[in-house]
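Data block for coords-v7.pdb (PDB, C-alpha atoms, pLDDT in the B column):
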ATOM      1  CA  MET V 182       2.305  53.216 249.337  1.00 74.00           C
ATOM      2  CA  VAL V 183       5.028  54.656 251.549  1.00 72.00           C
ATOM      3  CA  ALA V 184       3.281  53.358 254.664  1.00 76.00           C
ATOM      4  CA  ALA V 185       2.923  49.876 253.141  1.00 78.00           C
ATOM      5  CA  THR V 186       6.609  49.845 252.239  1.00 78.00           C
ATOM      6  CA  ALA V 187       7.526  50.940 255.775  1.00 75.00           C
ATOM      7  CA  PHE V 188       5.350  48.144 257.170  1.00 73.00           C
ATOM      8  CA  ALA V 189       7.029  45.591 254.882  1.00 80.00           C
ATOM      9  CA  PHE V 190      10.489  46.726 256.016  1.00 77.00           C
ATOM     10  CA  LEU V 191       9.487  46.505 259.663  1.00 77.00           C
ATOM     11  CA  TRP V 192       7.898  43.077 259.144  1.00 80.00           C
ATOM     12  CA  ASN V 193      11.144  41.575 257.798  1.00 79.00           C
ATOM     13  CA  ARG V 194      13.313  42.069 260.845  1.00 78.00           C
ATOM     14  CA  SER V 195      16.892  42.840 260.068  1.00 83.00           C
ATOM     15  CA  THR V 196      18.869  45.870 261.170  1.00 84.00           C
ATOM     16  CA  ALA V 197      18.859  47.465 257.716  1.00 83.00           C
ATOM     17  CA  ASN V 198      15.115  46.822 257.255  1.00 79.00           C
ATOM     18  CA  ILE V 199      14.263  48.239 260.674  1.00 81.00           C
ATOM     19  CA  ILE V 200      16.264  51.410 259.966  1.00 84.00           C
ATOM     20  CA  ALA V 201      14.638  51.787 256.529  1.00 84.00           C
ATOM     21  CA  GLY V 202      11.190  51.082 258.012  1.00 82.00           C
ATOM     22  CA  LEU V 203      11.634  53.691 260.739  1.00 84.00           C
ATOM     23  CA  ALA V 204      12.874  56.265 258.213  1.00 86.00           C
ATOM     24  CA  LEU V 205       9.868  55.636 255.964  1.00 83.00           C
ATOM     25  CA  SER V 206       7.542  55.790 258.996  1.00 86.00           C
ATOM     26  CA  ALA V 207       8.951  59.228 259.832  1.00 85.00           C
ATOM     27  CA  ILE V 208       8.298  60.342 256.238  1.00 84.00           C
ATOM     28  CA  VAL V 209       4.686  59.131 256.513  1.00 83.00           C
ATOM     29  CA  VAL V 210       4.223  61.104 259.744  1.00 84.00           C
ATOM     30  CA  LEU V 211       5.600  64.254 258.068  1.00 84.00           C
ATOM     31  CA  MET V 212       3.320  63.781 255.036  1.00 80.00           C
ATOM     32  CA  ILE V 213       0.224  63.331 257.204  1.00 83.00           C
ATOM     33  CA  GLU V 214       1.205  66.296 259.393  1.00 84.00           C
ATOM     34  CA  ARG V 215       1.532  68.513 256.327  1.00 79.00           C
ATOM     35  CA  VAL V 216      -1.841  67.460 254.932  1.00 79.00           C
ATOM     36  CA  ILE V 217      -3.667  67.907 258.233  1.00 85.00           C
ATOM     37  CA  HIS V 218      -2.129  71.244 259.250  1.00 84.00           C
ATOM     38  CA  SER V 219      -1.874  73.135 255.944  1.00 88.00           C
ATOM     39  CA  ARG V 220      -3.690  76.494 255.935  1.00 92.00           C
ATOM     40  CA  TYR V 221      -3.964  79.281 253.396  1.00 93.00           C
ATOM     41  CA  THR V 222      -4.984  82.730 254.630  1.00 93.00           C
ATOM     42  CA  LEU V 223      -5.784  85.794 252.530  1.00 93.00           C
ATOM     43  CA  THR V 224      -5.092  88.747 254.800  1.00 92.00           C
ATOM     44  CA  SER V 225      -6.676  92.196 254.744  1.00 90.00           C
ATOM     45  CA  ASN V 226      -3.299  93.786 253.943  1.00 90.00           C
ATOM     46  CA  GLY V 227      -2.987  91.953 250.609  1.00 90.00           C
ATOM     47  CA  GLN V 228      -0.963  88.881 251.541  1.00 94.00           C
ATOM     48  CA  LEU V 229      -1.449  85.182 250.901  1.00 95.00           C
ATOM     49  CA  VAL V 230      -0.031  83.422 253.952  1.00 96.00           C
ATOM     50  CA  ILE V 231       0.798  79.754 253.344  1.00 94.00           C
ATOM     51  CA  TYR V 232       1.277  77.545 256.394  1.00 93.00           C
ATOM     52  CA  LYS V 233       2.297  73.983 255.495  1.00 87.00           C
ATOM     53  CA  GLY V 234       2.433  72.363 258.903  1.00 84.00           C
ATOM     54  CA  ARG V 235       4.536  72.663 262.022  1.00 85.00           C
ATOM     55  CA  PHE V 236       7.763  71.493 260.386  1.00 82.00           C
ATOM     56  CA  ALA V 237       7.765  73.963 257.478  1.00 82.00           C
ATOM     57  CA  ARG V 238       8.335  77.687 257.436  1.00 88.00           C
ATOM     58  CA  GLN V 239       5.355  79.993 256.950  1.00 91.00           C
ATOM     59  CA  GLN V 240       5.398  81.748 253.581  1.00 93.00           C
ATOM     60  CA  ALA V 241       3.809  85.135 252.813  1.00 94.00           C
ATOM     61  CA  ILE V 242       3.259  86.208 249.213  1.00 95.00           C
ATOM     62  CA  PRO V 243       1.953  89.668 248.308  1.00 94.00           C
ATOM     63  CA  ILE V 244      -1.211  89.068 246.257  1.00 93.00           C
ATOM     64  CA  ASN V 245      -0.246  91.783 243.766  1.00 91.00           C
ATOM     65  CA  GLU V 246       2.997  89.870 242.962  1.00 93.00           C
ATOM     66  CA  ILE V 247       1.131  86.740 241.827  1.00 94.00           C
ATOM     67  CA  THR V 248       1.437  86.681 238.051  1.00 93.00           C
ATOM     68  CA  HIS V 249      -0.155  83.352 237.118  1.00 95.00           C
ATOM     69  CA  ILE V 250      -2.689  81.032 238.755  1.00 95.00           C
ATOM     70  CA  LYS V 251      -3.295  77.573 237.324  1.00 94.00           C
ATOM     71  CA  GLN V 252      -5.299  74.628 238.604  1.00 94.00           C
ATOM     72  CA  VAL V 253      -3.446  71.383 237.858  1.00 93.00           C
ATOM     73  CA  LYS V 254      -5.124  67.989 237.905  1.00 90.00           C
ATOM     74  CA  THR V 255      -2.917  64.921 238.128  1.00 85.00           C
ATOM     75  CA  LYS V 256      -3.849  61.564 236.687  1.00 82.00           C
ATOM     76  CA  LEU V 257      -2.218  59.778 239.607  1.00 77.00           C
ATOM     77  CA  PHE V 258      -4.717  59.368 242.476  1.00 73.00           C
ATOM     78  CA  CYS V 259      -7.020  62.009 240.869  1.00 74.00           C
ATOM     79  CA  LEU V 260      -5.359  64.798 242.856  1.00 82.00           C
ATOM     80  CA  SER V 261      -5.452  68.479 242.042  1.00 87.00           C
ATOM     81  CA  TYR V 262      -3.579  71.508 243.258  1.00 91.00           C
ATOM     82  CA  VAL V 263      -3.276  75.197 242.456  1.00 94.00           C
ATOM     83  CA  LEU V 264       0.062  76.340 241.051  1.00 95.00           C
ATOM     84  CA  LEU V 265       0.985  79.962 241.773  1.00 96.00           C
ATOM     85  CA  GLU V 266       3.702  81.875 239.959  1.00 96.00           C
ATOM     86  CA  TYR V 267       4.931  85.053 241.629  1.00 94.00           C
ATOM     87  CA  SER V 268       7.895  87.433 241.880  1.00 88.00           C
ATOM     88  CA  ALA V 269      10.019  86.787 238.797  1.00 84.00           C
ATOM     89  CA  GLY V 270       9.207  83.142 238.144  1.00 89.00           C
ATOM     90  CA  LYS V 271       9.022  81.667 241.658  1.00 94.00           C
ATOM     91  CA  LEU V 272       6.518  78.822 242.005  1.00 95.00           C
ATOM     92  CA  THR V 273       4.550  77.401 244.891  1.00 93.00           C
ATOM     93  CA  SER V 274       1.604  75.051 245.101  1.00 92.00           C
ATOM     94  CA  VAL V 275      -1.403  74.944 247.400  1.00 93.00           C
ATOM     95  CA  GLN V 276      -4.193  72.402 247.844  1.00 90.00           C
ATOM     96  CA  PRO V 277      -7.262  74.263 249.085  1.00 91.00           C
ATOM     97  CA  ASP V 278     -10.446  72.323 249.821  1.00 89.00           C
ATOM     98  CA  ASN V 279     -12.297  74.213 247.094  1.00 92.00           C
ATOM     99  CA  PRO V 280      -9.779  75.197 244.373  1.00 92.00           C
ATOM    100  CA  ASN V 281     -12.310  77.051 242.220  1.00 94.00           C
ATOM    101  CA  ALA V 282     -13.509  79.268 245.085  1.00 94.00           C
ATOM    102  CA  PHE V 283      -9.898  79.855 246.167  1.00 95.00           C
ATOM    103  CA  ILE V 284      -8.875  80.982 242.678  1.00 95.00           C
ATOM    104  CA  LYS V 285     -11.979  83.166 242.326  1.00 96.00           C
ATOM    105  CA  GLU V 286     -11.334  84.894 245.674  1.00 94.00           C
ATOM    106  CA  LEU V 287      -7.636  85.359 244.911  1.00 95.00           C
ATOM    107  CA  LYS V 288      -8.438  87.002 241.555  1.00 94.00           C
ATOM    108  CA  ARG V 289     -11.121  89.176 243.181  1.00 93.00           C
ATOM    109  CA  ARG V 290      -8.621  90.443 245.743  1.00 92.00           C
ATOM    110  CA  GLN V 291      -6.011  91.053 243.036  1.00 90.00           C
ATOM    111  CA  GLN V 292      -8.551  93.164 241.152  1.00 90.00           C
ATOM    112  CA  HIS V 293      -9.480  95.056 244.325  1.00 87.00           C
ATOM    113  CA  LEU V 294      -5.796  95.849 244.992  1.00 85.00           C
ATOM    114  CA  THR V 295      -5.320  96.996 241.388  1.00 83.00           C
ATOM    115  CA  ASP V 296      -8.409  99.234 241.566  1.00 82.00           C
ATOM    116  CA  SER V 297      -7.236 100.740 244.870  1.00 79.00           C
ATOM    117  CA  LEU V 298      -3.796 101.444 243.420  1.00 74.00           C
ATOM    118  CA  LEU V 299      -5.312 103.132 240.353  1.00 75.00           C
ATOM    119  CA  GLN V 300      -7.573 105.285 242.534  1.00 77.00           C
ATOM    120  CA  THR V 301      -4.612 106.337 244.647  1.00 75.00           C
ATOM    121  CA  LYS V 302      -2.586 107.303 241.579  1.00 71.00           C
ATOM    122  CA  SER V 303      -5.447 109.275 240.012  1.00 71.00           C
ATOM    123  CA  SER V 304      -6.173 111.165 243.230  1.00 72.00           C
ATOM    124  CA  ASN V 305      -2.489 112.173 243.526  1.00 68.00           C
ATOM    125  CA  MET V 306      -2.467 113.800 240.070  1.00 61.00           C
TER     126      MET V 306
END
Mind turning the file's structure into structure tokens?
Amino acid sequence: MVAATAFAFLWNRSTANIIAGLALSAIVVLMIERVIHSRYTLTSNGQLVIYKGRFARQQAIPINEITHIKQVKTKLFCLSYVLLEYSAGKLTSVQPDNPNAFIKELKRRQQHLTDSLLQTKSSNM
């Protein structure tokens, strides 16, 4: 929709339309770049590293700070994403290729970190 609007602005040649069309074209490029280059990495040291393209800052979230994981399905364009709540109410969203497997692996690693922490505490007593 954004690309079609940019095309329409560029088609009707006036200075204002050309500026608006170029601005919308830049937005389309940024959207495509984010979709193509997004990566989510679960590290061995208990971090979820979120990389949302070359123009966004990399974000690292400790897995043990994630308090709520919810898969959200939108009615618009039949899209879905995973909403993560962490560290005192902060929210972020990710769109993994396989949301169910992503959630399952994230919960498995959370459980593993919890078990390791409990073993460490019991061995120190």
Pick from V:Asn198, V:Tyr267, V:Val210, V:Ile244: nearest to Ser225 of chain V, with only C-alpha atoms counted?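 Of V:Asn198, V:Tyr267, V:Val210, V:Ile244, the one nearest Ser225 of chain V is V:Ile244, counting only C-alpha atoms.
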- Rounded to one decimal in Å, what is the spacing between atom CA of Met212 of chain V and atom CA of Arg235 of chain V?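 So the two atoms, atom CA of Met212 of chain V and atom CA of Arg235 of chain V, lie 11.4 Å apart.
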Note to self: Please enumerate the residues selected by the PyMOL selection byres ((chain V and resi 269) around 12) when evaluated against the supplied file, formatted as a count of residues only.
What the structure shows: 11
| query | Any idea what's packed within 10 Å of Pro280 of chain V, counting only C-alpha atoms, ignoring anything in its chain fewer than 5 positions away? Could you give it as a PyMOL selection string? | reply | chain V and resi 251-253+261-263+275+285-286
Counting only C-alpha atoms, the residue among V:Ile199, V:Ile284, V:Met182, V:Leu294 that lies closest to Gln228 of chain V is V:Leu294
Interatomic distance (Å, one decimal) between atom CA of Leu299 of chain V and atom CA of Leu287 of chain V |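 Pair atom CA of Leu299 of chain V / atom CA of Leu287 of chain V returns 18.5 Å.
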Judged by only C-alpha atoms, the minimum distance to Gln292 of chain V among V:Asn279, V:Phe236, V:Ser206, V:Gly227 is found for V:Gly227
Set the distance at 10 Å and use all atoms listed in the file: which residues neighbour Thr222 of chain V once local chain neighbours fewer than 3 positions away are removed? I'd like the list as a list of chain:residue names. V:Ser225, V:Gln228, V:Leu229, V:Val230, V:Ile231, V:Tyr232, V:Ala241
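Across the structure, atom CA of His218 of chain V and atom CA of Pro277 of chain V are spaced 11.8 Å apart.
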I'd like the neighbourhood of Phe188 of chain V as a PyMOL selection string, where a residue qualifies if any of its atoms comes within 8 Å (using all atoms listed in the file), though same-chain residues fewer than 4 positions away should be ignored. chain V and resi 184+192+202
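The smallest atom-to-atom distance between Ile217 of chain V and any of V:Thr186, V:Gln291, V:Gln240, V:Gln276, using all atoms listed in the file, is found for V:Gln276.
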For Ala185 of chain V, the closest of V:Leu298, V:Leu257, V:Val209, V:Ile200 counting all atoms listed in the file is V:Val209
Quick one: segment 272-285 of chain V with all heavy atoms, as an mmCIF file, in the first residue's frame?
data_model
loop_
_atom_site.group_PDB
_atom_site.id
_atom_site.type_symbol
_atom_site.label_atom_id
_atom_site.label_comp_id
_atom_site.auth_asym_id
_atom_site.auth_seq_id
_atom_site.Cartn_x
_atom_site.Cartn_y
_atom_site.Cartn_z
ATOM 1 N N LEU V 272 8.241 -3.979 26.416
ATOM 2 C CA LEU V 272 7.704 -4.859 25.381
ATOM 3 C C LEU V 272 8.551 -4.780 24.124
ATOM 4 O O LEU V 272 9.087 -3.721 23.784
ATOM 5 C CB LEU V 272 6.274 -4.456 25.024
ATOM 6 C CG LEU V 272 5.224 -4.555 26.117
ATOM 7 C CD1 LEU V 272 3.913 -3.942 25.643
ATOM 8 C CD2 LEU V 272 5.006 -5.992 26.519
ATOM 9 N N THR V 273 8.653 -5.896 23.439
ATOM 10 C CA THR V 273 9.249 -5.934 22.113
ATOM 11 C C THR V 273 8.553 -7.037 21.330
ATOM 12 O O THR V 273 7.966 -7.950 21.904
ATOM 13 C CB THR V 273 10.776 -6.148 22.154
ATOM 14 O OG1 THR V 273 11.317 -5.880 20.863
ATOM 15 C CG2 THR V 273 11.143 -7.546 22.595
ATOM 16 N N SER V 274 8.602 -6.928 20.022
ATOM 17 C CA SER V 274 7.971 -7.955 19.193
ATOM 18 C C SER V 274 8.998 -8.528 18.226
ATOM 19 O O SER V 274 9.942 -7.850 17.828
ATOM 20 C CB SER V 274 6.787 -7.380 18.411
ATOM 21 O OG SER V 274 7.238 -6.382 17.517
ATOM 22 N N VAL V 275 8.803 -9.794 17.895
ATOM 23 C CA VAL V 275 9.646 -10.487 16.928
ATOM 24 C C VAL V 275 8.737 -11.263 15.983
ATOM 25 O O VAL V 275 7.616 -11.607 16.334
ATOM 26 C CB VAL V 275 10.661 -11.446 17.617
ATOM 27 C CG1 VAL V 275 11.664 -10.664 18.450
ATOM 28 C CG2 VAL V 275 9.963 -12.468 18.475
ATOM 29 N N GLN V 276 9.231 -11.504 14.770
ATOM 30 C CA GLN V 276 8.476 -12.275 13.786
ATOM 31 C C GLN V 276 9.326 -13.422 13.258
ATOM 32 O O GLN V 276 9.803 -13.393 12.131
ATOM 33 C CB GLN V 276 8.035 -11.377 12.626
ATOM 34 C CG GLN V 276 6.937 -10.422 12.986
ATOM 35 C CD GLN V 276 6.488 -9.616 11.783
ATOM 36 O OE1 GLN V 276 7.249 -8.836 11.240
ATOM 37 N NE2 GLN V 276 5.248 -9.818 11.380
ATOM 38 N N PRO V 277 9.505 -14.456 14.076
ATOM 39 C CA PRO V 277 10.296 -15.602 13.606
ATOM 40 C C PRO V 277 9.539 -16.371 12.522
ATOM 41 O O PRO V 277 8.312 -16.288 12.425
ATOM 42 C CB PRO V 277 10.476 -16.442 14.868
ATOM 43 C CG PRO V 277 9.330 -16.070 15.739
ATOM 44 C CD PRO V 277 9.013 -14.650 15.435
ATOM 45 N N ASP V 278 10.283 -17.123 11.717
ATOM 46 C CA ASP V 278 9.664 -17.915 10.657
ATOM 47 C C ASP V 278 8.699 -18.952 11.218
ATOM 48 O O ASP V 278 7.657 -19.210 10.640
ATOM 49 C CB ASP V 278 10.739 -18.624 9.819
ATOM 50 C CG ASP V 278 11.556 -17.644 9.000
ATOM 51 O OD1 ASP V 278 11.048 -16.550 8.686
ATOM 52 O OD2 ASP V 278 12.707 -17.965 8.684
ATOM 53 N N ASN V 279 9.067 -19.558 12.334
ATOM 54 C CA ASN V 279 8.236 -20.570 12.969
ATOM 55 C C ASN V 279 7.963 -20.129 14.415
ATOM 56 O O ASN V 279 8.726 -20.485 15.322
ATOM 57 C CB ASN V 279 8.943 -21.929 12.929
ATOM 58 C CG ASN V 279 8.071 -23.047 13.420
ATOM 59 O OD1 ASN V 279 7.073 -22.836 14.117
ATOM 60 N ND2 ASN V 279 8.451 -24.268 13.069
ATOM 61 N N PRO V 280 6.898 -19.357 14.639
ATOM 62 C CA PRO V 280 6.638 -18.821 15.986
ATOM 63 C C PRO V 280 6.487 -19.891 17.058
ATOM 64 O O PRO V 280 6.992 -19.727 18.176
ATOM 65 C CB PRO V 280 5.342 -18.034 15.825
ATOM 66 C CG PRO V 280 5.200 -17.781 14.378
ATOM 67 C CD PRO V 280 5.913 -18.891 13.685
ATOM 68 N N ASN V 281 5.832 -20.988 16.745
ATOM 69 C CA ASN V 281 5.628 -22.038 17.749
ATOM 70 C C ASN V 281 6.947 -22.663 18.196
ATOM 71 O O ASN V 281 7.170 -22.872 19.389
ATOM 72 C CB ASN V 281 4.679 -23.113 17.223
ATOM 73 C CG ASN V 281 3.272 -22.585 17.035
ATOM 74 O OD1 ASN V 281 2.837 -21.702 17.765
ATOM 75 N ND2 ASN V 281 2.575 -23.112 16.041
ATOM 76 N N ALA V 282 7.827 -22.955 17.265
ATOM 77 C CA ALA V 282 9.140 -23.522 17.608
ATOM 78 C C ALA V 282 9.976 -22.501 18.370
ATOM 79 O O ALA V 282 10.695 -22.863 19.308
ATOM 80 C CB ALA V 282 9.864 -23.970 16.349
ATOM 81 N N PHE V 283 9.872 -21.230 17.992
ATOM 82 C CA PHE V 283 10.619 -20.172 18.680
ATOM 83 C C PHE V 283 10.181 -20.077 20.138
ATOM 84 O O PHE V 283 11.012 -20.036 21.044
ATOM 85 C CB PHE V 283 10.397 -18.840 17.953
ATOM 86 C CG PHE V 283 11.102 -17.676 18.592
ATOM 87 C CD1 PHE V 283 12.441 -17.443 18.348
ATOM 88 C CD2 PHE V 283 10.414 -16.807 19.423
ATOM 89 C CE1 PHE V 283 13.089 -16.360 18.931
ATOM 90 C CE2 PHE V 283 11.040 -15.731 20.012
ATOM 91 C CZ PHE V 283 12.388 -15.500 19.754
ATOM 92 N N ILE V 284 8.875 -20.055 20.366
ATOM 93 C CA ILE V 284 8.343 -19.968 21.725
ATOM 94 C C ILE V 284 8.741 -21.197 22.543
ATOM 95 O O ILE V 284 9.156 -21.092 23.697
ATOM 96 C CB ILE V 284 6.810 -19.783 21.697
ATOM 97 C CG1 ILE V 284 6.459 -18.407 21.133
ATOM 98 C CG2 ILE V 284 6.201 -19.967 23.081
ATOM 99 C CD1 ILE V 284 4.987 -18.220 20.820
ATOM 100 N N LYS V 285 8.638 -22.374 21.924
ATOM 101 C CA LYS V 285 8.988 -23.616 22.620
ATOM 102 C C LYS V 285 10.461 -23.615 23.033
ATOM 103 O O LYS V 285 10.797 -23.958 24.177
ATOM 104 C CB LYS V 285 8.693 -24.808 21.699
ATOM 105 C CG LYS V 285 8.921 -26.149 22.327
ATOM 106 C CD LYS V 285 8.538 -27.253 21.353
ATOM 107 C CE LYS V 285 8.794 -28.612 21.968
ATOM 108 N NZ LYS V 285 8.439 -29.701 21.049
#
